[in-house]
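A.B. asks: So here's data-v6.txt (compact mmCIF, C-alpha atoms).
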# COMPACT_ATOMS: atom_id res chain seq x y z
CA MET M 1 -99.69 118.86 93.70
CA PRO M 2 -102.29 119.75 91.05
CA SER M 3 -103.51 116.79 89.08
CA ILE M 4 -102.26 118.09 85.75
CA SER M 5 -98.70 118.06 87.05
CA ILE M 6 -99.17 114.49 88.21
CA ASN M 7 -100.45 113.62 84.73
CA ILE M 8 -97.44 115.09 82.99
CA ILE M 9 -95.01 113.53 85.44
CA LEU M 10 -96.69 110.21 84.69
CA ALA M 11 -96.18 110.85 80.97
CA PHE M 12 -92.51 111.53 81.64
CA THR M 13 -92.19 108.34 83.66
CA ALA M 14 -93.84 106.32 80.91
CA ALA M 15 -91.41 107.73 78.34
CA LEU M 16 -88.49 107.04 80.67
CA LEU M 17 -89.54 103.43 81.11
CA GLY M 18 -89.96 103.13 77.36
CA MET M 19 -86.42 104.41 76.91
CA LEU M 20 -84.95 101.99 79.40
CA MET M 21 -86.78 98.84 78.29
CA PHE M 22 -86.65 98.37 74.56
CA ARG M 23 -87.29 95.28 72.55
CA SER M 24 -85.71 95.45 69.16
CA HIS M 25 -85.49 98.80 67.49
CA MET M 26 -83.28 101.68 68.44
CA MET M 27 -85.78 104.06 66.87
CA SER M 28 -88.22 103.44 69.71
CA SER M 29 -85.72 104.61 72.31
CA LEU M 30 -85.08 107.77 70.29
CA LEU M 31 -88.84 108.34 70.16
CA CYS M 32 -89.07 107.92 73.93
CA LEU M 33 -86.27 110.47 74.30
CA GLU M 34 -88.41 112.92 72.37
CA GLY M 35 -91.39 111.96 74.52
CA MET M 36 -89.44 112.82 77.66
CA MET M 37 -88.46 116.15 76.18
CA LEU M 38 -92.05 116.92 75.21
CA SER M 39 -93.44 116.19 78.64
CA MET M 40 -90.73 118.31 80.23
CA PHE M 41 -91.52 121.15 77.84
CA ILE M 42 -95.22 121.08 78.75
CA LEU M 43 -94.53 120.76 82.48
CA SER M 44 -92.05 123.61 82.56
CA THR M 45 -94.31 125.86 80.47
CA LEU M 46 -97.23 125.25 82.80
CA ILE M 47 -95.17 125.86 85.93
CA ILE M 48 -93.52 129.01 84.58
CA LEU M 49 -96.81 130.47 83.42
CA ASN M 50 -98.55 129.55 86.65
CA MET M 51 -95.91 131.07 88.91
CA GLN M 52 -95.48 134.12 86.65
CA PHE M 53 -91.72 133.62 86.36
CA THR M 54 -91.42 136.17 83.59
CA THR M 55 -87.64 135.94 83.31
CA SER M 56 -87.81 132.19 82.84
CA PHE M 57 -90.09 132.31 79.81
CA ILE M 58 -87.09 131.49 77.58
CA MET M 59 -86.42 128.22 79.37
CA PRO M 60 -88.83 125.90 77.53
CA ILE M 61 -87.64 127.25 74.19
CA LEU M 62 -83.99 126.62 75.07
CA LEU M 63 -84.97 123.14 76.20
CA LEU M 64 -86.63 122.62 72.82
CA VAL M 65 -83.54 123.81 70.94
CA PHE M 66 -81.14 121.49 72.73
CA ALA M 67 -83.47 118.53 72.58
CA ALA M 68 -83.80 119.06 68.83
CA CYS M 69 -79.99 119.01 68.47
CA GLU M 70 -79.89 115.84 70.52
CA ALA M 71 -82.54 114.23 68.33
CA ALA M 72 -80.54 115.16 65.25
CA ILE M 73 -77.43 113.49 66.61
CA GLY M 74 -79.48 110.46 67.65
CA LEU M 75 -80.82 110.14 64.13
CA ALA M 76 -77.33 110.51 62.66
CA LEU M 77 -76.14 107.66 64.87
CA LEU M 78 -79.19 105.59 63.86
CA VAL M 79 -78.33 106.16 60.19
CA THR M 80 -74.71 105.09 60.80
CA VAL M 81 -75.81 101.94 62.64
CA SER M 82 -78.24 101.10 59.86
CA ASN M 83 -75.55 101.68 57.24
CA ILE M 84 -73.40 99.07 58.92
CA TYR M 85 -75.91 96.45 59.94
CA GLY M 86 -78.86 97.03 57.63
CA LEU M 87 -81.37 97.33 60.47
CA ASP M 88 -81.42 99.21 63.73
CA HIS M 89 -81.93 96.21 65.95
CA ILE M 90 -80.28 96.60 69.34
CA GLN M 91 -79.04 93.02 69.38
CA ASN M 92 -76.73 93.93 66.52
CA LEU M 93 -74.67 96.05 68.88
CA ASN M 94 -72.81 93.16 70.46
CA LEU M 95 -69.23 93.68 69.34
CA LEU M 96 -67.99 95.22 72.55
CA GLN M 97 -69.14 92.75 75.17
CA CYS M 98 -66.75 91.86 77.95
CA MET G 99 -60.10 114.75 60.91
CA LYS G 100 -59.11 118.08 59.49
CA LEU G 101 -57.47 120.43 61.93
CA PRO G 102 -59.93 123.38 61.85
CA ILE G 103 -62.87 121.05 62.48
CA LEU G 104 -61.04 119.29 65.28
CA THR G 105 -60.23 122.66 66.84
CA ILE G 106 -63.85 123.77 66.70
CA ILE G 107 -65.09 120.53 68.25
CA MET G 108 -62.47 120.59 71.00
CA THR G 109 -63.34 124.21 71.75
CA THR G 110 -66.99 123.26 72.00
CA ILE G 111 -66.21 120.42 74.41
CA PHE G 112 -64.18 122.83 76.51
CA THR G 113 -66.95 125.44 76.39
CA GLY G 114 -69.57 122.95 77.50
CA THR G 115 -67.68 121.88 80.58
CA MET G 116 -66.67 125.43 81.46
CA LEU G 117 -70.29 126.58 81.14
CA THR G 118 -71.37 123.89 83.58
CA MET G 119 -68.61 124.69 86.02
CA ILE G 120 -69.17 128.44 86.23
CA SER G 121 -72.93 128.67 86.42
CA SER G 122 -75.32 128.59 89.34
CA HIS G 123 -78.58 128.50 87.41
CA TRP G 124 -79.70 124.96 86.69
CA LEU G 125 -80.64 125.69 83.08
CA LEU G 126 -77.12 126.77 82.15
CA ILE G 127 -75.67 123.74 83.87
CA TRP G 128 -77.95 121.49 81.82
CA ILE G 129 -77.08 123.37 78.63
CA GLY G 130 -73.36 122.97 79.35
CA LEU G 131 -73.78 119.23 79.85
CA GLU G 132 -75.76 118.97 76.59
CA ILE G 133 -73.15 120.92 74.59
CA ASN G 134 -70.46 118.70 76.04
CA MET G 135 -72.28 115.49 75.13
CA LEU G 136 -73.27 116.63 71.65
CA SER G 137 -69.77 117.70 70.70
CA ILE G 138 -67.99 114.60 71.95
CA ILE G 139 -70.02 112.27 69.72
CA PRO G 140 -68.05 113.21 66.55
CA ILE G 141 -64.82 112.65 68.47
CA LEU G 142 -66.01 109.16 69.42
CA THR G 143 -66.76 108.30 65.78
CA LYS G 144 -63.55 109.82 64.48
CA ASN G 145 -62.27 106.57 62.97
CA GLN G 146 -65.18 105.11 61.07
CA LYS G 147 -65.40 101.57 62.36
CA PRO G 148 -68.37 99.51 63.57
CA ARG G 149 -66.96 99.43 67.09
CA SER G 150 -66.72 103.21 67.27
CA THR G 151 -70.31 103.56 66.08
CA GLU G 152 -71.50 101.09 68.66
CA ALA G 153 -69.55 102.86 71.39
CA ALA G 154 -70.92 106.25 70.34
CA THR G 155 -74.50 104.91 70.27
CA LYS G 156 -74.26 103.40 73.73
CA TYR G 157 -72.66 106.57 75.09
CA PHE G 158 -75.30 108.77 73.49
CA LEU G 159 -78.25 106.74 74.77
CA THR G 160 -77.09 106.64 78.39
CA GLN G 161 -76.00 110.27 78.53
CA ALA G 162 -79.21 111.48 76.87
CA THR G 163 -81.31 109.57 79.41
CA ALA G 164 -79.28 111.08 82.23
CA SER G 165 -79.72 114.58 80.77
CA MET G 166 -83.46 114.16 80.57
CA LEU G 167 -83.62 112.86 84.13
CA LEU G 168 -81.62 115.89 85.22
CA MET G 169 -84.06 118.17 83.41
CA PHE G 170 -86.93 116.44 85.20
CA THR G 171 -85.25 117.05 88.53
CA ILE G 172 -84.63 120.71 87.64
CA VAL G 173 -88.28 121.33 86.70
CA PHE G 174 -89.59 119.39 89.70
CA ASN G 175 -87.32 121.36 92.00
CA ALA G 176 -88.54 124.63 90.45
CA MET G 177 -92.10 123.48 91.00
CA HIS G 178 -91.57 122.79 94.68
CA SER G 179 -89.10 125.41 95.77
CA GLY G 180 -89.64 128.20 93.26
CA GLN G 181 -86.02 128.87 92.43
CA TRP G 182 -83.38 127.71 90.00
CA THR G 183 -80.12 127.86 91.95
CA THR G 184 -77.93 124.90 92.69
CA THR G 185 -77.26 125.57 96.29
CA ASN G 186 -80.78 125.60 97.62
CA ILE G 187 -82.13 122.19 96.73
CA ASP G 188 -84.36 120.93 99.47
CA PRO G 189 -82.82 117.72 100.85
CA ASN G 190 -86.12 116.60 102.36
CA ASN G 191 -87.77 116.26 98.97
CA MET G 192 -87.24 112.59 98.28
CA ILE G 193 -87.95 112.57 94.56
CA VAL G 194 -85.58 115.45 93.85
CA SER G 195 -82.63 114.09 95.80
CA LEU G 196 -83.07 110.55 94.46
CA THR G 197 -83.40 111.43 90.78
CA MET G 198 -80.62 114.02 91.04
CA ILE G 199 -78.19 111.42 92.32
CA ILE G 200 -79.38 108.90 89.71
CA ALA G 201 -78.92 111.38 86.87
CA LEU G 202 -75.46 112.50 87.97
CA THR G 203 -74.15 109.01 88.71
CA MET G 204 -75.43 107.90 85.31
CA LYS G 205 -73.37 110.70 83.77
CA LEU G 206 -70.29 109.65 85.73
CA GLY G 207 -70.58 105.94 85.14
CA MET G 208 -70.99 104.70 88.68
CA THR G 209 -72.75 101.51 89.71
CA PRO G 210 -75.57 100.58 89.06
CA PHE G 211 -75.23 102.57 85.84
CA HIS G 212 -71.68 101.56 85.02
CA PHE G 213 -72.35 99.11 82.19
CA TRP G 214 -71.55 101.57 79.43
CA VAL G 215 -68.07 102.57 80.70
CA PRO G 216 -65.98 99.51 79.74
CA GLU G 217 -67.76 99.02 76.44
CA VAL G 218 -67.52 102.63 75.31
CA THR G 219 -63.88 102.96 76.43
CA GLN G 220 -63.04 99.78 74.53
CA GLY G 221 -64.65 100.91 71.30
CA VAL G 222 -62.72 104.13 70.83
CA SER G 223 -59.04 104.91 70.40
CA LEU G 224 -56.67 105.37 73.35
CA MET G 225 -56.55 109.15 73.28
CA THR G 226 -60.32 109.44 72.89
CA GLY G 227 -60.77 107.02 75.76
CA MET G 228 -58.53 109.26 77.83
CA LEU G 229 -60.73 112.25 76.99
CA LEU G 230 -63.79 110.24 77.96
CA LEU G 231 -62.42 109.11 81.31
CA THR G 232 -60.86 112.41 82.36
CA TRP G 233 -62.50 115.47 80.89
CA GLN G 234 -66.04 114.12 80.93
CA LYS G 235 -65.89 113.54 84.68
CA LEU G 236 -65.23 117.19 85.43
CA ALA G 237 -68.68 118.62 84.72
CA PRO G 238 -70.84 116.20 86.78
CA ILE G 239 -68.37 116.25 89.69
CA SER G 240 -68.44 120.05 89.71
CA ILE G 241 -72.25 119.91 89.94
CA MET G 242 -72.08 117.45 92.81
CA MET G 243 -69.55 119.56 94.62
CA GLN G 244 -71.81 122.59 94.36
CA MET G 245 -74.80 120.80 95.85
CA PHE G 246 -73.14 118.44 98.27
CA THR G 247 -75.13 119.66 101.27
CA SER G 248 -78.42 118.54 99.75
CA ILE G 249 -77.41 115.02 98.73
CA ASN G 250 -78.75 112.13 100.73
CA PRO G 251 -75.55 110.65 102.24
CA ILE G 252 -76.94 107.13 102.63
CA ILE G 253 -77.74 106.71 98.94
CA LEU G 254 -74.44 108.23 97.87
CA LEU G 255 -72.43 106.02 100.21
CA LEU G 256 -74.30 102.97 98.94
CA ILE G 257 -73.57 103.89 95.34
CA ALA G 258 -69.92 104.61 96.16
CA LEU G 259 -69.52 101.27 97.94
CA MET G 260 -71.09 99.38 95.05
CA SER G 261 -68.85 101.24 92.60
CA VAL G 262 -65.74 100.24 94.50
CA LEU G 263 -66.90 96.62 94.57
CA VAL G 264 -67.78 96.51 90.87
CA GLY G 265 -64.62 98.36 89.89
CA GLY G 266 -62.56 95.78 91.75
CA TRP G 267 -64.28 92.60 90.66
CA GLY G 268 -65.13 93.69 87.15
CA GLY G 269 -61.53 94.33 86.16
CA LEU G 270 -60.29 90.91 87.21
CA ASN G 271 -61.15 89.02 84.05
CA GLN G 272 -59.89 91.61 81.58
CA THR G 273 -56.90 91.55 79.29
CA GLN G 274 -57.83 94.59 77.24
CA LEU G 275 -56.10 97.58 78.73
CA ARG G 276 -58.82 100.09 77.93
CA LYS G 277 -61.37 98.03 79.83
CA ILE G 278 -58.97 97.71 82.77
CA LEU G 279 -58.59 101.48 82.90
CA ALA G 280 -62.40 101.85 82.61
CA TYR G 281 -62.97 99.61 85.65
CA SER G 282 -60.25 101.53 87.47
CA SER G 283 -62.20 104.70 86.70
CA ILE G 284 -65.38 103.20 88.17
CA ALA G 285 -63.55 102.26 91.38
CA HIS G 286 -61.91 105.67 91.71
CA MET G 287 -65.25 107.40 91.22
CA GLY G 288 -66.52 105.28 94.11
CA TRP G 289 -63.71 106.52 96.34
CA MET G 290 -64.36 110.12 95.31
CA MET G 291 -68.07 110.02 95.98
CA ALA G 292 -67.70 108.26 99.33
CA ILE G 293 -66.15 111.34 100.88
CA LEU G 294 -68.26 113.97 99.11
CA THR G 295 -70.84 114.50 101.83
CA PHE G 296 -68.16 114.71 104.53
CA CYS G 297 -65.38 116.78 102.99
CA PRO G 298 -65.66 117.78 99.31
CA SER G 299 -62.12 119.12 99.09
CA LEU G 300 -60.92 115.53 99.39
CA THR G 301 -63.06 114.69 96.37
CA MET G 302 -61.16 117.41 94.54
CA LEU G 303 -57.80 116.03 95.70
CA ASN G 304 -58.68 112.50 94.65
CA LEU G 305 -59.94 113.80 91.32
CA LEU G 306 -56.72 115.70 90.57
CA ILE G 307 -54.46 112.78 91.40
CA TYR G 308 -56.69 110.36 89.48
CA LEU G 309 -56.67 112.68 86.44
CA MET G 310 -52.88 112.91 86.43
CA LEU G 311 -52.46 109.15 86.74
CA THR G 312 -55.02 108.33 84.05
CA ILE G 313 -53.50 110.83 81.62
CA ILE G 314 -50.07 109.32 82.19
CA MET G 315 -51.28 105.75 81.75
CA PHE G 316 -53.06 106.51 78.49
CA THR G 317 -50.15 108.56 77.14
CA MET G 318 -47.63 105.82 77.87
CA LEU G 319 -49.87 103.18 76.37
CA ASN G 320 -50.33 105.36 73.31
CA MET G 321 -46.59 105.61 72.65
CA ASN G 322 -46.47 102.07 71.30
CA THR G 323 -50.25 101.69 70.84
CA ASN G 324 -50.54 98.91 73.38
CA MET G 325 -54.08 97.78 73.83
CA THR G 326 -53.79 94.31 75.27
CA THR G 327 -51.70 92.69 77.97
CA LEU G 328 -50.01 90.61 75.28
CA THR G 329 -48.60 93.61 73.45
CA LEU G 330 -47.64 95.16 76.77
CA SER G 331 -45.47 92.14 77.56
CA ASN G 332 -43.34 92.92 74.51
CA LEU G 333 -42.67 96.43 75.67
CA TRP G 334 -39.35 95.68 77.37
CA ASN G 335 -37.73 95.22 74.00
CA LYS G 336 -39.02 98.40 72.44
CA SER G 337 -38.69 100.97 75.21
CA PRO G 338 -37.44 99.80 78.60
CA THR G 339 -37.90 103.20 80.25
CA ILE G 340 -41.60 103.19 79.49
CA THR G 341 -41.79 99.70 81.00
CA MET G 342 -40.35 101.09 84.22
CA MET G 343 -42.65 104.11 84.18
CA ILE G 344 -45.72 101.95 83.62
CA LEU G 345 -44.67 99.89 86.64
CA ILE G 346 -44.43 102.92 88.90
CA SER G 347 -47.61 104.57 87.58
CA LEU G 348 -49.67 101.41 87.99
CA LEU G 349 -48.47 100.97 91.55
CA SER G 350 -49.39 104.58 92.26
CA LEU G 351 -52.83 104.07 90.70
CA GLY G 352 -53.34 101.07 92.93
CA GLY G 353 -52.55 103.11 96.01
CA LEU G 354 -49.29 101.77 97.37
CA PRO G 355 -47.69 103.77 100.18
CA PRO G 356 -44.56 105.53 99.14
CA LEU G 357 -46.27 106.80 95.98
CA THR G 358 -48.72 109.65 95.53
CA GLY G 359 -51.72 107.44 94.76
CA PHE G 360 -51.75 106.43 98.40
CA LEU G 361 -52.42 110.00 99.56
CA PRO G 362 -56.11 110.32 98.64
CA LYS G 363 -56.94 106.84 99.94
CA TRP G 364 -55.17 107.54 103.22
CA ILE G 365 -56.90 110.85 103.89
CA ILE G 366 -60.27 109.50 102.76
CA ILE G 367 -60.00 106.58 105.19
CA GLN G 368 -59.01 109.03 107.91
CA GLU G 369 -62.01 111.28 107.24
CA LEU G 370 -64.39 108.34 107.12
CA THR G 371 -63.18 107.07 110.50
CA LYS G 372 -63.50 110.55 111.97
CA ASN G 373 -67.15 110.41 110.98
CA ASN G 374 -67.62 106.96 112.55
CA ASN G 375 -67.89 105.14 109.24
CA ILE G 376 -65.33 102.52 110.13
CA ALA G 377 -67.06 99.60 108.38
CA MET G 378 -67.25 101.54 105.13
CA ALA G 379 -63.58 102.52 105.32
CA THR G 380 -62.53 98.93 106.02
CA VAL G 381 -64.54 97.47 103.16
CA MET G 382 -63.29 100.08 100.70
CA ALA G 383 -59.68 99.55 101.73
CA ILE G 384 -60.01 95.79 101.31
CA MET G 385 -61.67 96.17 97.91
CA ALA G 386 -58.81 98.38 96.75
CA LEU G 387 -56.72 95.23 96.95
CA LEU G 388 -58.67 93.75 94.05
CA ASN G 389 -57.73 96.77 91.98
CA LEU G 390 -54.13 96.34 93.02
CA TYR G 391 -54.25 92.68 91.99
CA PHE G 392 -55.02 93.33 88.37
CA TYR G 393 -52.49 96.14 88.19
CA MET G 394 -49.91 93.76 89.63
CA ARG G 395 -50.83 91.23 86.97
CA LEU G 396 -50.05 93.84 84.30
CA ILE G 397 -46.79 94.74 86.02
CA TYR G 398 -45.85 91.06 86.28
CA SER G 399 -46.28 90.41 82.59
CA THR G 400 -44.67 93.71 81.62
CA SER G 401 -41.56 94.07 83.71
CA LEU G 402 -41.13 91.21 86.15
CA THR G 403 -40.62 88.51 83.52
CA LEU G 404 -37.39 89.90 82.12
CA PHE G 405 -34.13 88.04 82.04
CA PRO G 406 -31.89 89.20 84.87
CA THR G 407 -28.69 88.88 82.84
CA PRO G 408 -27.68 89.89 79.32
CA ASN G 409 -28.88 87.25 76.93
CA ASN G 410 -28.89 86.17 73.33
CA ILE G 411 -32.21 87.71 72.37
CA LYS G 412 -31.86 90.38 69.74
CA MET G 413 -32.73 93.82 71.06
CA LYS G 414 -34.63 96.12 68.76
CA TRP G 415 -32.97 99.31 67.64
CA GLN G 416 -34.65 102.01 69.63
CA PHE G 417 -35.78 104.90 67.48
CA GLN G 418 -36.96 108.28 68.65
CA PRO G 419 -40.61 108.05 69.67
CA LYS G 420 -42.80 109.41 66.90
CA LYS G 421 -45.90 110.15 68.93
CA ARG G 422 -45.97 113.31 70.91
CA SER G 423 -46.26 112.84 74.65
CA LEU G 424 -46.96 116.16 76.27
CA PHE G 425 -45.88 116.76 79.85
CA LEU G 426 -44.97 113.14 80.39
CA SER G 427 -41.98 113.67 82.69
CA PRO G 428 -43.47 116.31 85.01
CA LEU G 429 -46.73 114.36 85.26
CA ILE G 430 -44.90 111.14 86.12
CA ILE G 431 -42.97 112.86 88.86
CA LEU G 432 -46.06 114.60 90.20
CA SER G 433 -48.09 111.46 90.28
CA THR G 434 -45.57 109.15 91.86
CA LEU G 435 -43.19 111.08 94.05
CA THR G 436 -45.15 113.81 95.80
CA LEU G 437 -46.35 111.91 98.86
CA PRO G 438 -43.81 113.70 101.12
CA LEU G 439 -45.53 116.96 100.17
CA SER G 440 -48.77 115.92 101.86
CA PRO G 441 -48.35 118.23 104.92
CA VAL G 442 -48.85 121.08 102.44
CA LEU G 443 -52.52 120.12 102.37
CA SER G 444 -52.99 121.37 105.91
CA THR G 445 -52.08 124.88 104.82
CA LEU G 446 -54.93 125.02 102.29
CA ASN G 447 -58.28 126.19 103.54
What's the structure tokens form of this structure?
C.D. replies:
Amino acid sequence: MPSISINIILAFTAALLGMLMFRSHMMSSLLCLEGMMLSMFILSTLIILNMQFTTSFIMPILLLVFAACEAAIGLALLVTVSNIYGLDHIQNLNLLQC
Amino acid sequence: MKLPILTIIMTTIFTGTMLTMISSHWLLIWIGLEINMLSIIPILTKNQKPRSTEAATKYFLTQATASMLLMFTIVFNAMHSGQWTTTNIDPNNMIVSLTMIIALTMKLGMTPFHFWVPEVTQGVSLMTGMLLLTWQKLAPISIMMQMFTSINPIILLLIALMSVLVGGWGGLNQTQLRKILAYSSIAHMGWMMAILTFCPSLTMLNLLIYLMLTIIMFTMLNMNTNMTTLTLSNLWNKSPTITMMILISLLSLGGLPPLTGFLPKWIIIQELTKNNNIAMATVMAIMALLNLYFYMRLIYSTSLTLFPTPNNIKMKWQFQPKKRSLFLSPLIILSTLTLPLSPVLSTLN
């Protein structure tokens, strides 16, 4: 595997770990979601250009569109949480524990 | 929510799942899953309460992570095999098969990624919880059924076994009915995925019967808005027929023999033993008893604590039910009395 692909996969893994282990703010997990999307965008663009998959040129752009929608919904949920609790700390979300 | 907006959102949810189910290119499958997830978030926050917001946030975070993992698997698969179809994933590529299973089981809510299911189901209303536990399972299961030849059977069997265990033990300490139905969903997903690599049509059978039973349970609970075991124990006074129907449906969900819920468990155990997986079949059958225990506890407090004779307690005047319950009678009959029709299954291909 070429070393640039390993680099970008490492970037994706770092963003994934940042999404799964968060300390206090929900904003950091939304940022890591965007980080995952960005690394996937770069990786897919590189692969598609390298393999000359001309019909798949639209794929990174579609990925960008849907990830932007997802980020918008994530931010809307962040705003709702912060309207209720004042901050976006994750430990505030403890109403539904078993 | 106003009716035109609700119609648009429901149509979008339907479109998302249909897009995933009819496509063979990985990008369209991913797009369908994204459309589905994005359009169910407003449904989850329909009544503006802190619990709904918390449920929607937890749902969004887990499903978004699973979507991104799925996209990683798609791009990695395209890098190594040069094509974007579902049916040609290379099963020898360890990273692809592992992350694919992780992403799809995270979408379905199977162990070890099951922690969001009881909390999210608890935070939303009964009918929204029904949508979450029934319609949202269709898209990921359709993906898994398309690619079942490339899934690593050992990992999937391990996940299925753990799901059955967690679904059984997790529901034992619950009194909230939505959480009980969420743990029942986790256990049933375990049964469905155990047989996927051997015979995927049994996954479909189990899914259909599970969908019917879950829809019935939520509809009957919605008629008097029962959300705890305590309110369920007062049901005999308000509508005795629904008490009886809840009894039969819960027994069918638990998998007792003369009822339809026994059919998928029976055939799944038979298929597992044909493939020499006798230990797995035994453990799953024993763990189904835990599920049956907490259903029996609900049945006990609902209908087995009634007075046997007419008594002095004032009975409530029974009005016509105000909430609409679509297809309740045919679904009840289909999900409890169709075990004698099981030889029909041998005529299907």
A.B. asks: Closest to Gln244 in chain G among G:Phe112, G:Trp124, G:Phe417, G:Phe360, using all atoms listed in the file?
C.D. replies: G:Trp124
A.B. asks: So, with only C-alpha atoms as the atoms that count, which of M:Leu33, M:Ile4, M:Leu10, M:Met27 lies closest to chain G?
C.D. replies: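 Going through M:Leu33, M:Ile4, M:Leu10, M:Met27 one by one, the smallest distance to chain G is for M:Leu33.
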A.B. asks: Using only C-alpha atoms, find the residues of chain G whose closest atom to chain M is at most 9 Å away, then write them as a PyMOL selection string.
C.D. replies: chain G and resi 125+129+132-133+135-136+139+148-149+151-156+158-159+162-163+166-167+169-170+173-174+176-177+180+216-218+220-221+271-272+277
A.B. asks: With a distance cut-off of 9 Å and all atoms listed in the file, select the neighbouring residues of Ile257 in chain G, excluding the residue or stretch itself and same-chain residues fewer than 2 positions from it, and output the selection as number ranges by chain.
C.D. replies: G: 203, 208-210, 252-255, 259-262, 288, 291-292
A.B. asks: In Å, how far is it from CA of Gln418 in chain G to CA of Ser331 in chain G?
C.D. replies: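 About the pair CA of Gln418 in chain G and CA of Ser331 in chain G: they are 20.3 Å apart.
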A.B. asks: Using CA of Ser195 in chain G and CA of Ala11 in chain M as the two end points, give the distance in Å to one decimal.
C.D. replies: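 Interatomic distance here is 20.3 Å.
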A.B. asks: With distances taken over all atoms listed in the file, which of G:Ile411, G:Leu279, G:Met99, G:Ile138 is nearest to Tyr393 in chain G?
C.D. replies: G:Leu279
A.B. asks: Suppose you want the space between CA of Val215 in chain G and CA of Ala383 in chain G; what is it in Å?
C.D. replies: 22.8 Å
A.B. asks: Extract, using all atoms listed in the file, all DNA, RNA and protein residues at most 10 Å from Ile367 in chain G, discarding same-chain residues fewer than 6 positions from it, and format them as a list in words.
C.D. replies: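 Within the cut-off, the hits are Trp289, Ala292, Ile293, Asn373, Asn375, Ile376, Met378, Ala379, Thr380, Met382 and Ala383 of chain G.
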A.B. asks: For Leu357 in chain G, please output as a list of chain:residue names all residues within 6 Å (counting only C-alpha atoms; exclusion window: fewer than 6 positions along the same chain).
C.D. replies: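 Result of the neighbour search: G:Ser350, G:Thr434, G:Leu435, G:Leu437.
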A.B. asks: Could you add whatever atoms are missing so that range 64-75 of chain M carries N, CA and C atoms, then write the result as a PDB file, in the frame of the given file?
C.D. replies:
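The result, stored in out-v3.pdb:
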ATOM      1  N   LEU M  64     -86.226 123.131  74.124  1.00  0.00           N
ATOM      2  CA  LEU M  64     -86.630 122.620  72.820  1.00  0.00           C
ATOM      3  C   LEU M  64     -85.457 122.611  71.847  1.00  0.00           C
ATOM      4  N   VAL M  65     -84.666 123.697  71.864  1.00  0.00           N
ATOM      5  CA  VAL M  65     -83.540 123.810  70.940  1.00  0.00           C
ATOM      6  C   VAL M  65     -82.538 122.686  71.176  1.00  0.00           C
ATOM      7  N   PHE M  66     -82.167 122.503  72.469  1.00  0.00           N
ATOM      8  CA  PHE M  66     -81.140 121.490  72.730  1.00  0.00           C
ATOM      9  C   PHE M  66     -81.656 120.087  72.538  1.00  0.00           C
ATOM     10  N   ALA M  67     -82.938 119.871  72.812  1.00  0.00           N
ATOM     11  CA  ALA M  67     -83.470 118.530  72.580  1.00  0.00           C
ATOM     12  C   ALA M  67     -83.545 118.239  71.084  1.00  0.00           C
ATOM     13  N   ALA M  68     -83.782 119.281  70.274  1.00  0.00           N
ATOM     14  CA  ALA M  68     -83.800 119.060  68.830  1.00  0.00           C
ATOM     15  C   ALA M  68     -82.408 118.692  68.327  1.00  0.00           C
ATOM     16  N   CYS M  69     -81.367 119.372  68.865  1.00  0.00           N
ATOM     17  CA  CYS M  69     -79.990 119.010  68.470  1.00  0.00           C
ATOM     18  C   CYS M  69     -79.684 117.577  68.843  1.00  0.00           C
ATOM     19  N   GLU M  70     -80.145 117.192  70.053  1.00  0.00           N
ATOM     20  CA  GLU M  70     -79.890 115.840  70.520  1.00  0.00           C
ATOM     21  C   GLU M  70     -80.586 114.824  69.626  1.00  0.00           C
ATOM     22  N   ALA M  71     -81.807 115.143  69.197  1.00  0.00           N
ATOM     23  CA  ALA M  71     -82.540 114.230  68.330  1.00  0.00           C
ATOM     24  C   ALA M  71     -81.823 114.097  66.997  1.00  0.00           C
ATOM     25  N   ALA M  72     -81.250 115.217  66.520  1.00  0.00           N
ATOM     26  CA  ALA M  72     -80.540 115.160  65.250  1.00  0.00           C
ATOM     27  C   ALA M  72     -79.337 114.241  65.331  1.00  0.00           C
ATOM     28  N   ILE M  73     -78.591 114.363  66.454  1.00  0.00           N
ATOM     29  CA  ILE M  73     -77.430 113.490  66.610  1.00  0.00           C
ATOM     30  C   ILE M  73     -77.868 112.036  66.777  1.00  0.00           C
ATOM     31  N   GLY M  74     -78.986 111.829  67.491  1.00  0.00           N
ATOM     32  CA  GLY M  74     -79.480 110.460  67.650  1.00  0.00           C
ATOM     33  C   GLY M  74     -79.835 109.847  66.311  1.00  0.00           C
ATOM     34  N   LEU M  75     -80.460 110.653  65.456  1.00  0.00           N
ATOM     35  CA  LEU M  75     -80.820 110.140  64.130  1.00  0.00           C
ATOM     36  C   LEU M  75     -79.583 109.888  63.289  1.00  0.00           C
TER      37      LEU M  75
END
